[in-house]
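A.B. asks: After the C-alpha cells below, expect a handful of questions from me.
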Amino acid sequence: MTGQREVSGLWSIGPLYSRHPATDPRDVFVGGKNPSQAESDFENGIARMGGFWRQPSYVGAYLTAASLLVEQGQARGSFDEIGLPAFYLQRHAAELILKRLLQWCFEIIECRNQIKPGQAIMITNRHRRSLNNEHDLRKILNSLKKAAKLADEKIPPECLAQLVETISSVEASPHWSRYRVDSRSTQKKLWETTEIVIPVASLQTQLDLVASDVLARSLEQECYENALYSTWAGLTSALEGSQ
C-alpha cells in the first residue's frame with residue numbers, strides 16, 4: 001500500500017510505503033521503504049533513516065534492539081555475552097520512556113501557564129534538568145511525579161516505578177553499563193569486583209509490558225501517554241480558540 005504525500009520545501013513529493021510487520025513490529029518508523037530499496041539495503045548491510053515518514057522513534061528503536069539482543073541470547077543458550085549491552089539498551093529505553101512522559105507534563109504546564117498567566121506554575125531548574133541532563137532513573141521518575149502533580153495529572157502507573165526499581169537495583173550507577181571504570185570517583189574503581197546478576201530476560205518482559213501499558217500505540221488506546229496527550233490537545237485547542 002502506498003499513499004501520496006504533498007510537502008513543499010525540504011521534503012520531496014513521493015509515495016508512503018507501508019512498514020513491513022516482520023521487520024518493524026514496534027513502530028520504529030511511520031512508513032516503510034520501496035521493497036526494492038529495502039532488499040538492496042539489506043544486501044549491502046545498510047540502515048537507512050530520516051526524512052519524511054522515516055524519522056525513527058528512539059524509544060521504539062531501543063526497545064526493539066534490546067528485545068532482539070535478548071532473543072539472540074536465548075537462541076545461543078547463554079545470556080552472559082549479551083548481558084551488558086542488553087541491559088544498557090533496556091535501561092536507556094526506560095530512560096527515554098520516562099523523559100517522553102516528562103516532556104508531555106512540561107508541555108501541559110506551559111499551556112496552563114499561557115491560559116492563566118497570573119497563576120503560573122513554576123517548574124524548578126532541577127526538574128527541568130531531568131529532561132536533558134539527568135540519567136539517574138529514580139531522579140527522573142521523581143521529577144515526572146512532581147511534574148504530573150503540577151500539571152494536575154494522575155501520577156505515573158505503578159508498573160513504571162517497579163521497572164525503575166528493577167533496573168536501579170542492578171546498577172551501581174547510571175553509567176555502570178556504559179563504562180568499566182568509575183571515572184567520577186576520586187579513586188578509580190572497577191564495577192565488576194563482585195559478581196553481578198542481570199535478569200535480562202525477565203527485565204525485557206517487564207519493559208515490554210510497561211511500554212505497552214504506558215506508551216500510546218494508537219489514539220484509541222487507553223494508556224498514560226494518551227491521557228496526557230488528551231489534556232494537552234484540549235489545552236492547545238482552548239489556546240487557539242482564544243486567539
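Quick note on naming: the chains in the C-alpha cells go A, B, ... in the order shown, residues restart at 1 in each chain, and ligands are numbered from 1 in order of appearance.
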Using only C-alpha atoms, what table do you get, as a Markdown table, when you list each residue of region 156-236 of chain A with an atom no more than 9 Å from region 96-115 of chain A, its nearest pair of atoms, and their distance in Å rounded to one decimal, rows by chain then rising number?
C.D. replies:
| residue | atom | partner | partner_atom | distance |
| --- | --- | --- | --- | --- |
| A:Pro156 | CA | A:Leu101 | CA | 8.7 |
| A:Leu160 | CA | A:Leu98 | CA | 8.4 |
| A:Ala211 | CA | A:Ile97 | CA | 7.7 |
| A:Val214 | CA | A:Ile97 | CA | 8.5 |
| A:Leu215 | CA | A:Ile97 | CA | 7.7 |
| A:Tyr224 | CA | A:Leu101 | CA | 8.4 |
| A:Glu225 | CA | A:Leu101 | CA | 6.6 |
| A:Leu228 | CA | A:Trp104 | CA | 6.4 |
| A:Tyr229 | CA | A:Trp104 | CA | 7.2 |
| A:Thr231 | CA | A:Ile108 | CA | 7.1 |
| A:Trp232 | CA | A:Ile108 | CA | 5.3 |
| A:Ala233 | CA | A:Ile108 | CA | 9.0 |
| A:Leu235 | CA | A:Cys111 | CA | 6.2 |
| A:Thr236 | CA | A:Cys111 | CA | 6.8 |
A.B. asks: Generate the output file for the selected residues, N, CA and C atoms, as a short mmCIF file (atom, residue, chain, number, x, y, z; two decimals), in the first residue's frame.
C.D. replies:
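The resulting file, out_6.cif, is shown below:
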data_model
loop_
_atom_site.label_atom_id
_atom_site.label_comp_id
_atom_site.auth_asym_id
_atom_site.auth_seq_id
_atom_site.Cartn_x
_atom_site.Cartn_y
_atom_site.Cartn_z
N PRO A 156 2.27 8.70 37.50
CA PRO A 156 2.57 7.62 36.55
C PRO A 156 2.15 6.26 37.12
N LEU A 160 5.57 1.49 36.13
CA LEU A 160 6.74 2.26 35.72
C LEU A 160 7.72 2.39 36.88
N ALA A 211 5.98 -0.63 28.44
CA ALA A 211 5.83 0.15 27.21
C ALA A 211 4.43 0.00 26.62
N VAL A 214 1.98 1.94 29.00
CA VAL A 214 2.21 3.37 29.23
C VAL A 214 2.23 4.19 27.94
N LEU A 215 2.86 3.67 26.90
CA LEU A 215 3.05 4.45 25.68
C LEU A 215 1.88 4.29 24.72
N TYR A 224 -1.38 5.83 29.72
CA TYR A 224 -0.98 7.06 30.41
C TYR A 224 -0.60 8.16 29.42
N GLU A 225 0.15 7.81 28.39
CA GLU A 225 0.56 8.83 27.44
C GLU A 225 -0.63 9.43 26.70
N LEU A 228 -2.28 12.02 28.85
CA LEU A 228 -1.54 13.28 28.82
C LEU A 228 -1.78 14.01 27.51
N TYR A 229 -1.76 13.26 26.41
CA TYR A 229 -1.98 13.87 25.10
C TYR A 229 -3.38 14.51 25.03
N THR A 231 -5.17 15.77 27.44
CA THR A 231 -5.16 17.03 28.17
C THR A 231 -4.47 18.11 27.36
N TRP A 232 -3.30 17.77 26.82
CA TRP A 232 -2.54 18.74 26.03
C TRP A 232 -3.34 19.22 24.82
N ALA A 233 -4.00 18.30 24.12
CA ALA A 233 -4.78 18.66 22.94
C ALA A 233 -5.92 19.59 23.30
N LEU A 235 -6.06 21.68 25.90
CA LEU A 235 -5.50 22.99 26.25
C LEU A 235 -5.04 23.74 25.02
N THR A 236 -4.43 23.03 24.08
CA THR A 236 -3.97 23.66 22.84
C THR A 236 -5.16 24.21 22.05
#
A.B. asks: Neighbours of His127 (chain A) within 10 Å (only C-alpha atoms; same-chain residues fewer than 3 positions away dropped), as a list in words?
C.D. replies: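 Counting only the stated atoms, we get Leu102, Phe106, Ile123, Thr124, Ser130, Leu131, Asn132, Glu134, Lys139, Ile140, Asn142, Ser143, Leu144, Lys146 and Ala147 of chain A.
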A.B. asks: May I have the selected residues written with C-alpha atoms, as an mmCIF file, in the first residue's frame?
C.D. replies:
data_model
loop_
_atom_site.group_PDB
_atom_site.id
_atom_site.type_symbol
_atom_site.label_atom_id
_atom_site.label_comp_id
_atom_site.auth_asym_id
_atom_site.auth_seq_id
_atom_site.Cartn_x
_atom_site.Cartn_y
_atom_site.Cartn_z
ATOM 1 C CA LEU A 102 8.027 14.156 31.441
ATOM 2 C CA PHE A 106 6.008 20.110 30.834
ATOM 3 C CA ILE A 123 8.960 24.284 37.222
ATOM 4 C CA THR A 124 12.251 24.174 39.112
ATOM 5 C CA SER A 130 15.845 15.809 34.483
ATOM 6 C CA LEU A 131 14.687 16.099 30.893
ATOM 7 C CA ASN A 132 18.046 16.787 29.279
ATOM 8 C CA GLU A 134 19.843 13.593 34.188
ATOM 9 C CA LYS A 139 15.559 11.070 39.985
ATOM 10 C CA ILE A 140 13.860 11.307 36.597
ATOM 11 C CA ASN A 142 10.625 11.709 40.929
ATOM 12 C CA SER A 143 10.647 14.688 38.567
ATOM 13 C CA LEU A 144 7.942 13.035 36.478
ATOM 14 C CA LYS A 146 6.242 16.121 40.588
ATOM 15 C CA ALA A 147 5.558 17.440 37.094
#
A.B. asks: Counting only C-alpha atoms, what are the residues of region 65-152 of chain A within 8 Å of region 193-206 of chain A, and for each of them which pair of atoms is the nearest and at what distance in Å, to one decimal? Sort the table by chain and rising number, as a tab-separated table.
C.D. replies:
residue	atom	partner	partner_atom	distance
A:Ala66	CA	A:Gln204	CA	7.4
A:Ser67	CA	A:Gln204	CA	6.6
A:Val70	CA	A:Ala201	CA	6.4
A:Phe79	CA	A:Val200	CA	7.6
A:Gly83	CA	A:Val200	CA	6.5
A:Ala86	CA	A:Val200	CA	6.9
A:Phe87	CA	A:Val200	CA	6.4
A:Gln90	CA	A:Gln204	CA	7.0
A.B. asks: Take CA of Arg217 (chain A) and CA of Pro157 (chain A) and report the distance between them in Å, one decimal.
C.D. replies: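 Calculated distance between CA of Arg217 (chain A) and CA of Pro157 (chain A) is 16.7 Å.
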A.B. asks: Quick one: DSSP strand (DSSP E or B) residues in region 35-214 of chain A, as an mmCIF file with C-alpha atoms, in the first residue's frame?
C.D. replies:
data_model
loop_
_atom_site.group_PDB
_atom_site.id
_atom_site.type_symbol
_atom_site.label_atom_id
_atom_site.label_comp_id
_atom_site.auth_asym_id
_atom_site.auth_seq_id
_atom_site.Cartn_x
_atom_site.Cartn_y
_atom_site.Cartn_z
ATOM 1 C CA VAL A 181 35.684 2.275 35.312
ATOM 2 C CA ASP A 182 34.029 4.708 37.709
ATOM 3 C CA LYS A 189 37.483 1.610 40.616
ATOM 4 C CA LEU A 190 36.164 -1.214 38.513
#
